[in-house]
$ cat coords.tsv   # TSV, C-alpha atoms and all ligand atoms
chain	number	residue	atom	x	y	z
V	1	MET	CA	33.04	-110.38	54.78
V	2	PRO	CA	32.11	-108.22	57.79
V	3	THR	CA	29.74	-105.33	57.17
V	4	VAL	CA	31.13	-101.84	57.74
V	5	LEU	CA	28.81	-98.86	58.13
V	6	VAL	CA	30.21	-95.41	57.31
V	7	VAL	CA	28.40	-92.23	58.35
V	8	VAL	CA	28.27	-89.78	55.44
V	9	GLU	CA	29.03	-86.13	56.09
V	10	ALA	CA	27.77	-83.26	53.96
V	11	GLN	CA	29.17	-79.81	53.35
V	12	PRO	CA	26.99	-76.85	54.34
V	13	ASP	CA	25.57	-76.80	50.78
V	14	GLY	CA	24.44	-80.43	51.18
V	15	LYS	CA	27.06	-81.89	48.81
V	16	LEU	CA	29.28	-84.80	49.84
V	17	LYS	CA	32.25	-83.86	52.00
V	18	LYS	CA	35.47	-85.33	50.61
V	19	ALA	CA	36.50	-86.60	54.05
V	20	THR	CA	33.78	-89.28	53.74
V	21	LEU	CA	35.61	-90.71	50.72
V	22	ASN	CA	38.79	-91.05	52.80
V	23	ALA	CA	36.75	-92.86	55.46
V	24	ILE	CA	35.28	-95.18	52.80
V	25	THR	CA	38.81	-96.14	51.69
V	26	ALA	CA	39.66	-97.12	55.27
V	27	ALA	CA	36.35	-98.97	55.61
V	28	ARG	CA	36.98	-101.00	52.43
V	29	ALA	CA	39.99	-102.55	54.18
V	30	LEU	CA	37.64	-103.85	56.89
V	31	GLY	CA	34.76	-105.35	54.89
V	32	ASP	CA	31.73	-104.64	52.72
V	33	VAL	CA	30.92	-100.96	52.96
V	34	HIS	CA	27.43	-99.62	53.60
V	35	ALA	CA	26.81	-95.89	54.12
V	36	VAL	CA	24.22	-94.04	56.14
V	37	VAL	CA	23.03	-90.61	54.96
V	38	LEU	CA	20.89	-88.46	57.25
V	39	ALA	CA	19.13	-85.33	56.04
V	40	LYS	CA	15.72	-83.72	55.77
V	41	ASP	CA	15.63	-85.32	52.34
V	42	ALA	CA	18.53	-87.74	51.94
V	43	THR	CA	17.82	-88.59	48.29
V	44	ALA	CA	20.36	-86.32	46.53
V	45	LEU	CA	23.27	-87.08	48.85
V	46	ALA	CA	22.48	-90.81	48.77
V	47	ALA	CA	22.66	-90.64	44.97
V	48	GLU	CA	26.11	-89.02	45.23
V	49	VAL	CA	27.38	-91.76	47.57
V	50	LYS	CA	25.89	-94.86	45.94
V	51	ASP	CA	28.71	-95.28	43.42
V	52	TYR	CA	31.20	-95.81	46.24
V	53	VAL	CA	29.48	-98.38	48.47
V	54	LYS	CA	27.39	-101.55	48.37
V	55	VAL	CA	24.28	-100.11	50.03
V	56	VAL	CA	23.29	-96.57	51.04
V	57	HIS	CA	20.78	-96.26	53.89
V	58	ALA	CA	19.09	-92.95	53.22
V	59	GLY	CA	17.34	-91.62	56.34
V	60	SER	CA	15.06	-88.66	55.69
V	61	ALA	CA	13.43	-86.80	58.59
V	62	ALA	CA	13.05	-83.22	59.79
V	63	HIS	CA	14.77	-83.94	63.12
V	64	VAL	CA	18.04	-85.02	61.43
V	65	GLU	CA	18.17	-82.06	59.03
V	66	HIS	CA	20.86	-80.32	61.08
V	67	TYR	CA	23.62	-82.43	62.58
V	68	LEU	CA	23.38	-83.01	66.33
V	69	ALA	CA	25.04	-85.99	68.03
V	70	GLU	CA	21.88	-86.46	70.10
V	71	THR	CA	19.61	-86.91	67.08
V	72	TRP	CA	22.04	-88.61	64.71
V	73	ALA	CA	23.52	-91.24	67.04
V	74	PRO	CA	20.23	-93.16	67.55
V	75	ALA	CA	19.62	-93.21	63.78
V	76	VAL	CA	23.13	-94.48	63.03
V	77	ALA	CA	22.87	-97.12	65.77
V	78	GLU	CA	19.46	-98.17	64.42
V	79	VAL	CA	20.91	-98.85	60.96
V	80	ALA	CA	24.02	-100.56	62.39
V	81	LYS	CA	21.81	-102.97	64.35
V	82	ALA	CA	19.44	-103.59	61.42
V	83	ILE	CA	22.30	-104.63	59.10
V	84	SER	CA	24.35	-106.38	61.86
V	85	ALA	CA	27.32	-104.13	61.12
V	86	GLU	CA	30.51	-105.32	62.76
V	87	TRP	CA	32.25	-101.97	62.21
V	88	VAL	CA	30.78	-98.46	62.36
V	89	GLY	CA	32.88	-95.44	61.51
V	90	ALA	CA	33.17	-91.90	60.20
V	91	ALA	CA	35.84	-89.44	59.15
V	92	ALA	CA	37.62	-87.88	62.13
V	93	THR	CA	36.25	-84.44	61.32
V	94	GLN	CA	34.76	-82.20	64.02
V	95	GLN	CA	31.43	-83.90	63.33
V	96	GLY	CA	32.80	-87.46	63.29
V	97	ARG	CA	34.75	-86.92	66.50
V	98	ASP	CA	31.61	-85.61	68.16
V	99	LEU	CA	29.28	-88.30	66.87
V	100	MET	CA	31.13	-91.60	67.03
V	101	PRO	CA	31.73	-91.92	70.80
V	102	ARG	CA	27.96	-91.59	71.32
V	103	VAL	CA	27.25	-94.15	68.58
V	104	ALA	CA	29.84	-96.48	70.15
V	105	ALA	CA	28.16	-96.16	73.55
V	106	LYS	CA	24.77	-97.01	72.04
V	107	LEU	CA	26.22	-100.15	70.43
V	108	ASN	CA	28.41	-101.19	73.39
V	109	ALA	CA	31.28	-100.92	70.95
V	110	ALA	CA	34.94	-100.39	71.71
V	111	MET	CA	36.32	-97.52	69.68
V	112	ALA	CA	39.59	-96.55	67.99
V	113	SER	CA	39.85	-92.84	67.21
V	114	ASP	CA	41.73	-91.23	64.37
V	115	ILE	CA	42.94	-94.45	62.76
V	116	MET	CA	45.89	-94.09	60.42
V	117	ALA	CA	46.15	-97.61	58.96
V	118	VAL	CA	44.25	-100.88	58.80
V	119	ASN	CA	46.03	-104.21	58.77
V	120	GLY	CA	43.53	-107.07	58.94
V	121	THR	CA	41.59	-106.19	62.08
V	122	THR	CA	44.52	-104.32	63.65
V	123	LEU	CA	44.13	-100.57	63.58
V	124	THR	CA	46.94	-98.04	63.91
V	125	ARG	CA	46.16	-94.89	65.85
V	126	PRO	CA	48.09	-92.00	67.37
V	127	MET	CA	48.31	-91.45	71.12
V	128	TRP	CA	49.84	-88.62	73.15
V	129	ALA	CA	49.47	-86.16	70.27
V	130	GLY	CA	51.26	-88.51	67.88
V	131	ALA	CA	54.27	-89.11	70.14
V	132	VAL	CA	53.18	-92.76	70.33
V	133	ILE	CA	51.69	-94.74	67.45
V	134	ALA	CA	49.65	-97.65	68.84
V	135	GLU	CA	48.43	-100.79	67.13
V	136	VAL	CA	45.09	-101.80	68.61
V	137	THR	CA	42.56	-104.58	68.17
V	138	LEU	CA	39.02	-104.15	69.45
V	139	SER	CA	37.47	-107.13	71.20
V	140	THR	CA	33.76	-106.15	71.33
V	141	PRO	CA	31.33	-107.72	68.82
V	142	VAL	CA	30.63	-104.27	67.29
V	143	LYS	CA	33.57	-101.92	66.83
V	144	ALA	CA	33.62	-98.17	66.20
V	145	PHE	CA	36.28	-95.99	64.61
V	146	THR	CA	37.07	-92.58	63.22
V	147	VAL	CA	39.46	-92.13	60.31
V	148	ARG	CA	42.34	-89.67	60.03
V	149	THR	CA	41.48	-88.51	56.55
V	150	THR	CA	44.98	-87.43	55.60
V	151	GLU	CA	46.24	-91.03	55.91
V	152	PHE	CA	43.82	-92.57	53.37
V	153	ALA	CA	43.35	-91.74	49.69
V	154	LEU	CA	39.98	-90.62	48.36
V	155	ALA	CA	37.89	-93.67	47.43
V	156	GLU	CA	37.47	-94.37	43.74
V	157	LYS	CA	34.00	-95.27	42.49
V	158	ALA	CA	33.30	-98.95	43.11
V	159	GLY	CA	32.27	-99.72	39.50
V	160	GLY	CA	28.52	-100.28	39.53
V	161	ALA	CA	26.08	-98.31	41.60
V	162	GLY	CA	25.16	-99.51	45.07
V	163	GLU	CA	21.59	-100.02	46.21
V	164	VAL	CA	19.78	-97.13	47.95
V	165	LYS	CA	17.44	-98.13	50.79
V	166	ALA	CA	15.26	-95.37	52.23
V	167	PHE	CA	14.29	-95.42	55.89
V	168	ALA	CA	12.62	-93.06	58.33
V	169	PRO	CA	14.77	-92.43	61.42
V	170	ALA	CA	12.73	-92.94	64.60
V	171	PRO	CA	11.78	-89.66	66.35
V	172	VAL	CA	14.13	-88.61	69.17
V	173	THR	CA	13.51	-86.38	72.16
V	174	SER	CA	16.74	-84.43	72.41
V	175	PRO	CA	17.69	-82.05	75.19
V	176	THR	CA	19.79	-80.19	72.60
V	177	LYS	CA	18.10	-78.10	69.96
V	178	PHE	CA	19.58	-76.73	66.76
V	179	VAL	CA	19.17	-72.95	66.83
V	180	GLU	CA	21.15	-71.44	63.96
V	181	PHE	CA	24.09	-72.14	61.65
V	182	LYS	CA	26.22	-69.07	61.02
V	183	GLU	CA	28.45	-69.83	58.10
V	184	VAL	CA	31.63	-67.81	57.79
V	185	LYS	CA	31.76	-67.02	54.07
V	186	SER	CA	35.28	-67.01	52.72
V	187	ALA	CA	36.71	-66.84	49.23
V	188	ARG	CA	39.59	-69.01	50.48
V	189	PRO	CA	39.47	-72.81	50.28
V	190	GLU	CA	38.34	-74.83	53.29
V	191	LEU	CA	41.28	-75.62	55.58
V	192	THR	CA	41.05	-79.43	55.50
V	193	GLU	CA	40.49	-79.55	51.74
V	194	ALA	CA	43.09	-76.98	50.64
V	195	ARG	CA	46.14	-77.88	48.53
V	196	ILE	CA	48.16	-75.15	50.21
V	197	VAL	CA	47.87	-73.85	53.78
V	198	VAL	CA	49.62	-70.77	55.19
V	199	SER	CA	49.49	-70.73	58.99
V	200	GLY	CA	50.47	-68.09	61.49
V	201	GLY	CA	51.47	-68.47	65.13
V	202	ARG	CA	52.02	-66.31	68.17
V	203	GLY	CA	54.97	-64.76	66.34
V	204	THR	CA	52.46	-62.76	64.29
V	205	LYS	CA	51.36	-61.02	67.50
V	206	GLY	CA	47.87	-61.21	66.05
V	207	ASP	CA	48.71	-59.32	62.86
V	208	PHE	CA	47.66	-61.78	60.12
V	209	LYS	CA	47.83	-59.33	57.19
V	210	GLU	CA	51.00	-60.84	55.72
V	211	VAL	CA	49.87	-64.43	56.38
V	212	GLU	CA	46.59	-63.71	54.58
V	213	ALA	CA	48.28	-61.86	51.73
V	214	LEU	CA	50.61	-64.80	51.05
V	215	ALA	CA	47.68	-67.21	51.29
V	216	ASP	CA	45.76	-65.18	48.72
V	217	GLU	CA	48.75	-64.99	46.40
V	218	LEU	CA	48.97	-68.80	46.54
V	219	GLY	CA	45.21	-69.51	46.50
V	220	ALA	CA	45.72	-71.10	49.91
V	221	ALA	CA	43.70	-71.58	53.08
V	222	VAL	CA	44.73	-69.76	56.26
V	223	GLY	CA	45.52	-71.75	59.40
V	224	ALA	CA	46.64	-70.85	62.90
V	225	SER	CA	48.22	-72.29	66.01
V	226	ARG	CA	46.21	-72.72	69.16
V	227	ALA	CA	48.05	-69.81	70.79
V	228	VAL	CA	46.53	-67.58	68.10
V	229	CYS	CA	42.99	-68.94	68.49
V	230	ASP	CA	43.13	-68.93	72.29
V	231	ALA	CA	44.16	-65.28	72.16
V	232	GLY	CA	41.07	-64.55	70.06
V	233	TRP	CA	43.18	-63.26	67.17
V	234	GLN	CA	41.65	-65.77	64.76
V	235	PRO	CA	38.51	-67.95	64.95
V	236	ASN	CA	38.82	-71.45	66.43
V	237	ASP	CA	37.94	-73.14	63.17
V	238	LEU	CA	41.33	-72.11	61.78
V	239	GLN	CA	43.21	-74.04	64.47
V	240	VAL	CA	45.54	-76.72	63.19
V	241	GLY	CA	46.67	-79.46	65.53
V	242	GLN	CA	45.73	-82.14	68.00
V	243	THR	CA	42.68	-80.26	69.24
V	244	GLY	CA	42.09	-78.47	65.94
V	245	LYS	CA	42.04	-79.69	62.37
V	246	VAL	CA	44.39	-82.24	60.84
V	247	VAL	CA	45.66	-81.12	57.45
V	248	ALA	CA	48.02	-82.69	54.92
V	249	PRO	CA	48.27	-80.25	52.02
V	250	SER	CA	50.94	-80.34	49.32
V	251	LEU	CA	52.48	-77.24	50.87
V	252	TYR	CA	52.25	-76.03	54.49
V	253	VAL	CA	53.83	-72.70	55.39
V	254	ALA	CA	54.27	-72.13	59.14
V	255	ALA	CA	55.11	-68.54	60.06
V	256	GLY	CA	55.94	-67.63	63.66
V	257	ILE	CA	54.93	-71.10	64.92
V	258	SER	CA	57.31	-72.83	67.34
V	259	GLY	CA	56.29	-76.39	66.39
V	260	ALA	CA	54.86	-77.73	69.65
V	261	ILE	CA	54.04	-81.44	69.44
V	262	GLN	CA	50.30	-80.66	69.56
V	263	HIS	CA	50.64	-78.40	66.49
V	264	LEU	CA	52.80	-80.92	64.62
V	265	ALA	CA	50.10	-83.56	65.23
V	266	GLY	CA	47.88	-81.60	62.87
V	267	MET	CA	50.24	-80.85	60.00
V	268	LYS	CA	53.31	-83.05	59.92
V	269	GLY	CA	51.74	-85.23	57.20
V	270	SER	CA	51.98	-82.28	54.78
V	271	LYS	CA	54.03	-83.08	51.68
V	272	THR	CA	56.29	-80.03	51.87
V	273	ILE	CA	56.68	-77.93	55.01
V	274	VAL	CA	58.17	-74.44	54.94
V	275	ALA	CA	58.95	-72.85	58.31
V	276	ILE	CA	59.72	-69.21	58.96
V	277	ASN	CA	60.84	-68.48	62.50
V	278	LYS	CA	63.34	-66.04	63.92
V	279	ASP	CA	64.56	-68.64	66.43
V	280	GLY	CA	66.88	-71.09	64.68
V	281	GLU	CA	66.35	-73.58	67.54
V	282	ALA	CA	62.55	-73.71	67.13
V	283	PRO	CA	61.32	-77.36	66.94
V	284	ILE	CA	59.35	-76.63	63.77
V	285	PHE	CA	62.66	-76.79	61.88
V	286	GLN	CA	62.94	-80.50	62.78
V	287	VAL	CA	59.96	-81.30	60.54
V	288	ALA	CA	60.48	-78.56	57.93
V	289	ASP	CA	61.68	-79.35	54.42
V	290	TYR	CA	62.66	-75.70	53.96
V	291	GLY	CA	63.49	-73.51	56.95
V	292	LEU	CA	64.06	-69.80	57.00
V	293	VAL	CA	65.48	-68.21	60.16
V	294	ALA	CA	63.98	-64.78	59.68
V	295	ASP	CA	61.47	-62.21	60.90
V	296	LEU	CA	58.15	-63.17	59.34
V	297	PHE	CA	57.17	-59.53	58.80
V	298	LYS	CA	60.17	-59.18	56.49
V	299	ALA	CA	60.21	-62.68	54.97
V	300	LEU	CA	56.51	-63.05	54.08
V	301	PRO	CA	56.28	-59.89	51.90
V	302	GLU	CA	59.54	-60.84	50.18
V	303	LEU	CA	58.26	-64.35	49.51
V	304	ARG	CA	54.97	-62.98	48.19
V	305	ALA	CA	56.77	-60.52	45.89
V	306	ALA	CA	59.02	-63.32	44.58
V	307	ILE	CA	56.01	-65.57	43.89
V	308	LYS	CA	54.22	-62.73	42.13
V	309	ALA	CA	57.29	-62.01	40.00
V	310	ALA	CA	57.69	-65.72	39.15
V	311	LYS	CA	54.06	-65.85	37.99
B	1	LIG	C1	46.10	-80.71	75.34
B	1	LIG	C2	46.71	-79.67	74.44
B	1	LIG	C3	46.26	-79.56	73.14
B	1	LIG	C4	46.82	-78.63	72.28
B	1	LIG	N1	46.36	-78.54	70.99
B	1	LIG	C5	46.95	-77.70	70.14
B	1	LIG	C6	46.56	-77.63	68.76
B	1	LIG	O1	45.62	-78.30	68.33
B	1	LIG	N2	47.21	-76.78	67.96
B	1	LIG	C7	48.24	-76.00	68.38
B	1	LIG	O2	48.78	-75.24	67.57
B	1	LIG	N3	48.62	-76.03	69.67
B	1	LIG	C8	48.01	-76.84	70.56
B	1	LIG	N4	48.39	-76.83	71.85
B	1	LIG	C9	49.29	-75.76	72.32
B	1	LIG	C10	50.74	-76.03	72.02
B	1	LIG	O3	51.32	-76.77	73.08
B	1	LIG	C11	51.51	-74.69	71.90
B	1	LIG	O4	51.32	-73.94	73.07
B	1	LIG	C12	51.08	-73.84	70.70
B	1	LIG	O5	51.08	-74.63	69.52
B	1	LIG	C13	52.04	-72.70	70.54
B	1	LIG	O6	51.65	-71.88	69.49
B	1	LIG	P1	52.71	-71.01	68.70
B	1	LIG	O7	53.74	-71.90	68.08
B	1	LIG	O8	51.96	-70.09	67.82
B	1	LIG	O9	53.34	-70.11	69.87
B	1	LIG	P2	54.76	-70.14	70.55
B	1	LIG	O10	55.11	-71.49	71.03
B	1	LIG	O11	54.78	-69.04	71.52
B	1	LIG	O12	55.76	-69.83	69.35
B	1	LIG	C14	55.84	-68.61	68.69
B	1	LIG	C15	57.02	-68.71	67.76
B	1	LIG	O13	57.08	-67.53	66.98
B	1	LIG	C16	58.44	-67.18	66.80
B	1	LIG	N5	58.45	-65.73	66.49
B	1	LIG	C17	58.17	-64.69	67.32
B	1	LIG	N6	58.20	-63.53	66.64
B	1	LIG	C18	58.53	-63.85	65.35
B	1	LIG	C19	58.73	-63.08	64.18
B	1	LIG	N7	58.57	-61.75	64.16
B	1	LIG	N8	59.08	-63.74	63.04
B	1	LIG	C20	59.25	-65.09	63.03
B	1	LIG	N9	59.07	-65.87	64.12
B	1	LIG	C21	58.70	-65.25	65.26
B	1	LIG	C22	59.11	-67.54	68.10
B	1	LIG	O14	60.50	-67.75	67.91
B	1	LIG	C23	58.36	-68.81	68.49
B	1	LIG	O15	59.06	-69.98	68.01
B	1	LIG	C24	47.85	-77.75	72.74
B	1	LIG	C25	48.30	-77.88	74.06
B	1	LIG	C26	47.75	-78.82	74.89
B	1	LIG	C27	48.28	-78.94	76.29

$ encode --input "coords.tsv" --output "structure tokens"
Amino acid sequence: MPTVLVVVEAQPDGKLKKATLNAITAARALGDVHAVVLAKDATALAAEVKDYVKVVHAGSAAHVEHYLAETWAPAVAEVAKAISAEWVGAAATQQGRDLMPRVAAKLNAAMASDIMAVNGTTLTRPMWAGAVIAEVTLSTPVKAFTVRTTEFALAEKAGGAGEVKAFAPAPVTSPTKFVEFKEVKSARPELTEARIVVSGGRGTKGDFKEVEALADELGAAVGASRAVCDAGWQPNDLQVGQTGKVVAPSLYVAAGISGAIQHLAGMKGSKTIVAINKDGEAPIFQVADYGLVADLFKALPELRAAIKAAK
């Protein structure tokens, strides 16, 4: 069986990010899964991960405390070489997308980004914002990949704890320094982990009050189209789409979003899609399970009132 190394990602509080479990499911289809954890003290996170993989390589060092591609990539490559990993991958989160190309370069590995399925050694990945689905095989001895988390279930525990091997990542001189992490505290769930997402587009004209009120009524995360983030109406980390976050909640409500292909690339895997748009010809209706041709400023409060009454 080939050895597959998965890079573990932590949440800001240091706990395991669920996306890693989706990546482990994809990795299991490729071979024996090892994981690499990097932190100031990797012990606790390694203990969380060991039930899911064969071996956890727990790298503890001050210079990998805060994620930076420049400091993490050498450590990941070091482990990959030491265990002769044939595959090296991570979840296609902001961090995984940033890290893996650099790891691939260090290992002279070909890379498939955002893989959606694994069939033997053939990987399925989207191209042109999902307009083309390609089947690719990688011909280099070491191969890199990132995993579209919404396409793979969360890994179950493997049944029997894996081995934890501690190592000290070699020091790195990086031109990039970590300065500060400013966490935006929100009572709402994280966008990529939420069961329900309510997103607003340019049709809101920047007024997100009704989008947020519906989200809060439903216990949902708030998302946005790129038009909204580019206009500075909402922060970039709310952007859903090809160049934003990929989400696949049980329910996705799109209000005042036209449904450009780049937006659809980030949400069309949602189980149920509700679209509210005053233009009946808007492309979002082609992917919507329920479509409402209406003014969002009228429809959203009515929907919220109906949900409240039904509760
Ligand atoms: C390389 C590249 C990457 C991109 N990546 C992304 C991405 O990651 N995510 C993303 O979202 N976009 C992305 N885009 C941009 C994308 O092409 C669209 O421009 C963008 O999604 C449009 O956002 P929108 O639907 O909010 O705005 P618009 O297309 O302007 O649509 C606004 C909609 O609101 C409706 N509307 C207006 N007023 C109301 C009202 N009162 N009530 C109800 N409906 C109303 C209109 O009928 C219209 O359909 C990318 C583009 C490129 C080129």

$ atom_distance --input "coords.tsv" --atom1 "CA of Thr25 (chain V)" --atom2 "CA of Glu156 (chain V)"
8.3 Å

$ residues_around --input "coords.tsv" --residues "Ala260 (chain V)" --least-positions-apart "4" --cutoff "9 Å" --atoms "only C-alpha atoms" --output "ChimeraX atom specification"
/V:264-265,283-284

$ axis_aligned_box --input "coords.tsv" --around "ligand LIG 1 (chain B)" --padding-each-side "6 Å" --output "AutoDock Vina command-line options"
--center_x 53.1 --center_y -71.2 --center_z 69.7 --size_x 26.9 --size_y 31.0 --size_z 25.3

$ closest_residue --input "coords.tsv" --among "V:Lys298, V:Lys54, V:Lys18, V:Lys271" --to "ligand LIG 1 (chain B)" --atoms "all atoms listed in the file"
V:Lys298

$ residues_near_ligand --input "coords.tsv" --ligand "ligand LIG 1 (chain B)" --cutoff "8 Å" --atoms "only C-alpha atoms and all ligand atoms" --output "ChimeraX atom specification"
/V:129,200-205,224-228,239-245,255-266,276-280,282-284,293-297

$ residues_near_point --input "coords.tsv" --point "(31.0, -91.6, 63.3)" --cutoff "10 Å" --atoms "only C-alpha atoms" --output "PyMOL selection string"
chain V and resi 5-9+23+69+72-73+76+88-93+95-104+113+144-147

$ closest_residue --input "coords.tsv" --among "V:Asp41, V:Glu86, V:Asp114, V:Glu183" --to "Met127 (chain V)" --atoms "all atoms listed in the file"
V:Asp114

$ residues_near_point --input "coords.tsv" --point "(42.1, -73.5, 46.7)" --cutoff "10 Å" --atoms "only C-alpha atoms" --output "PyMOL selection string"
chain V and resi 187-191+193-197+215-216+218-221

$ atom_distance --input "coords.tsv" --atom1 "CA of Ile115 (chain V)" --atom2 "CA of Arg148 (chain V)"
5.5 Å

$ closest_residue --input "coords.tsv" --among "V:Gln286, V:Thr176, V:Gln234, V:Thr150" --to "Asn22 (chain V)" --atoms "all atoms listed in the file"
V:Thr150

$ closest_residue --input "coords.tsv" --among "V:Ala61, V:Val211, V:Val142, V:Ala134" --to "Ala80 (chain V)" --atoms "all atoms listed in the file"
V:Val142

$ decode --input "coords.tsv" --residues "region 145-166 of chain V" --atoms "N, CA and C atoms" --output "PDB file, in the first residue's frame"
ATOM      1  N   PHE V 145      -1.847  16.769  -3.414  1.00  0.00           N
ATOM      2  CA  PHE V 145      -3.265  17.026  -3.692  1.00  0.00           C
ATOM      3  C   PHE V 145      -3.881  17.861  -2.571  1.00  0.00           C
ATOM      4  N   THR V 146      -4.943  18.576  -2.947  1.00  0.00           N
ATOM      5  CA  THR V 146      -5.819  19.149  -1.917  1.00  0.00           C
ATOM      6  C   THR V 146      -7.210  18.583  -2.155  1.00  0.00           C
ATOM      7  N   VAL V 147      -8.002  18.541  -1.078  1.00  0.00           N
ATOM      8  CA  VAL V 147      -9.277  17.827  -1.102  1.00  0.00           C
ATOM      9  C   VAL V 147     -10.442  18.799  -0.943  1.00  0.00           C
ATOM     10  N   ARG V 148     -11.378  18.746  -1.891  1.00  0.00           N
ATOM     11  CA  ARG V 148     -12.619  19.517  -1.716  1.00  0.00           C
ATOM     12  C   ARG V 148     -13.431  18.831  -0.627  1.00  0.00           C
ATOM     13  N   THR V 149     -13.495  19.474   0.518  1.00  0.00           N
ATOM     14  CA  THR V 149     -14.019  18.800   1.713  1.00  0.00           C
ATOM     15  C   THR V 149     -15.486  18.403   1.563  1.00  0.00           C
ATOM     16  N   THR V 150     -16.227  19.188   0.790  1.00  0.00           N
ATOM     17  CA  THR V 150     -17.662  18.914   0.701  1.00  0.00           C
ATOM     18  C   THR V 150     -17.957  17.633  -0.085  1.00  0.00           C
ATOM     19  N   GLU V 151     -16.961  17.083  -0.760  1.00  0.00           N
ATOM     20  CA  GLU V 151     -17.182  15.881  -1.585  1.00  0.00           C
ATOM     21  C   GLU V 151     -16.844  14.592  -0.847  1.00  0.00           C
ATOM     22  N   PHE V 152     -16.278  14.689   0.365  1.00  0.00           N
ATOM     23  CA  PHE V 152     -15.884  13.491   1.107  1.00  0.00           C
ATOM     24  C   PHE V 152     -16.481  13.544   2.512  1.00  0.00           C
ATOM     25  N   ALA V 153     -16.982  12.405   2.979  1.00  0.00           N
ATOM     26  CA  ALA V 153     -17.565  12.348   4.323  1.00  0.00           C
ATOM     27  C   ALA V 153     -16.468  12.549   5.377  1.00  0.00           C
ATOM     28  N   LEU V 154     -16.875  12.873   6.592  1.00  0.00           N
ATOM     29  CA  LEU V 154     -15.916  12.941   7.694  1.00  0.00           C
ATOM     30  C   LEU V 154     -15.421  11.533   7.986  1.00  0.00           C
ATOM     31  N   ALA V 155     -14.115  11.378   8.195  1.00  0.00           N
ATOM     32  CA  ALA V 155     -13.562  10.049   8.482  1.00  0.00           C
ATOM     33  C   ALA V 155     -14.096   9.541   9.816  1.00  0.00           C
ATOM     34  N   GLU V 156     -14.390   8.250   9.845  1.00  0.00           N
ATOM     35  CA  GLU V 156     -14.719   7.597  11.118  1.00  0.00           C
ATOM     36  C   GLU V 156     -13.395   7.211  11.774  1.00  0.00           C
ATOM     37  N   LYS V 157     -13.426   6.983  13.090  1.00  0.00           N
ATOM     38  CA  LYS V 157     -12.205   6.508  13.755  1.00  0.00           C
ATOM     39  C   LYS V 157     -11.801   5.155  13.165  1.00  0.00           C
ATOM     40  N   ALA V 158     -10.484   4.921  13.105  1.00  0.00           N
ATOM     41  CA  ALA V 158      -9.993   3.743  12.381  1.00  0.00           C
ATOM     42  C   ALA V 158     -10.167   2.450  13.176  1.00  0.00           C
ATOM     43  N   GLY V 159     -10.475   2.536  14.465  1.00  0.00           N
ATOM     44  CA  GLY V 159     -10.593   1.334  15.290  1.00  0.00           C
ATOM     45  C   GLY V 159      -9.200   0.914  15.740  1.00  0.00           C
ATOM     46  N   GLY V 160      -8.765   1.468  16.838  1.00  0.00           N
ATOM     47  CA  GLY V 160      -7.382   1.214  17.301  1.00  0.00           C
ATOM     48  C   GLY V 160      -6.562   2.452  17.039  1.00  0.00           C
ATOM     49  N   ALA V 161      -5.916   2.927  18.119  1.00  0.00           N
ATOM     50  CA  ALA V 161      -5.178   4.183  17.991  1.00  0.00           C
ATOM     51  C   ALA V 161      -3.904   4.018  17.182  1.00  0.00           C
ATOM     52  N   GLY V 162      -3.600   5.010  16.382  1.00  0.00           N
ATOM     53  CA  GLY V 162      -2.354   5.017  15.621  1.00  0.00           C
ATOM     54  C   GLY V 162      -1.186   5.390  16.533  1.00  0.00           C
ATOM     55  N   GLU V 163       0.001   5.207  15.989  1.00  0.00           N
ATOM     56  CA  GLU V 163       1.220   5.499  16.743  1.00  0.00           C
ATOM     57  C   GLU V 163       1.513   7.003  16.627  1.00  0.00           C
ATOM     58  N   VAL V 164       2.018   7.613  17.707  1.00  0.00           N
ATOM     59  CA  VAL V 164       2.429   9.026  17.632  1.00  0.00           C
ATOM     60  C   VAL V 164       3.954   9.082  17.678  1.00  0.00           C
ATOM     61  N   LYS V 165       4.552   9.705  16.657  1.00  0.00           N
ATOM     62  CA  LYS V 165       6.014   9.846  16.631  1.00  0.00           C
ATOM     63  C   LYS V 165       6.355  11.327  16.708  1.00  0.00           C
ATOM     64  N   ALA V 166       7.036  11.717  17.757  1.00  0.00           N
ATOM     65  CA  ALA V 166       7.406  13.135  17.907  1.00  0.00           C
ATOM     66  C   ALA V 166       8.651  13.433  17.083  1.00  0.00           C
TER      67      ALA V 166
END
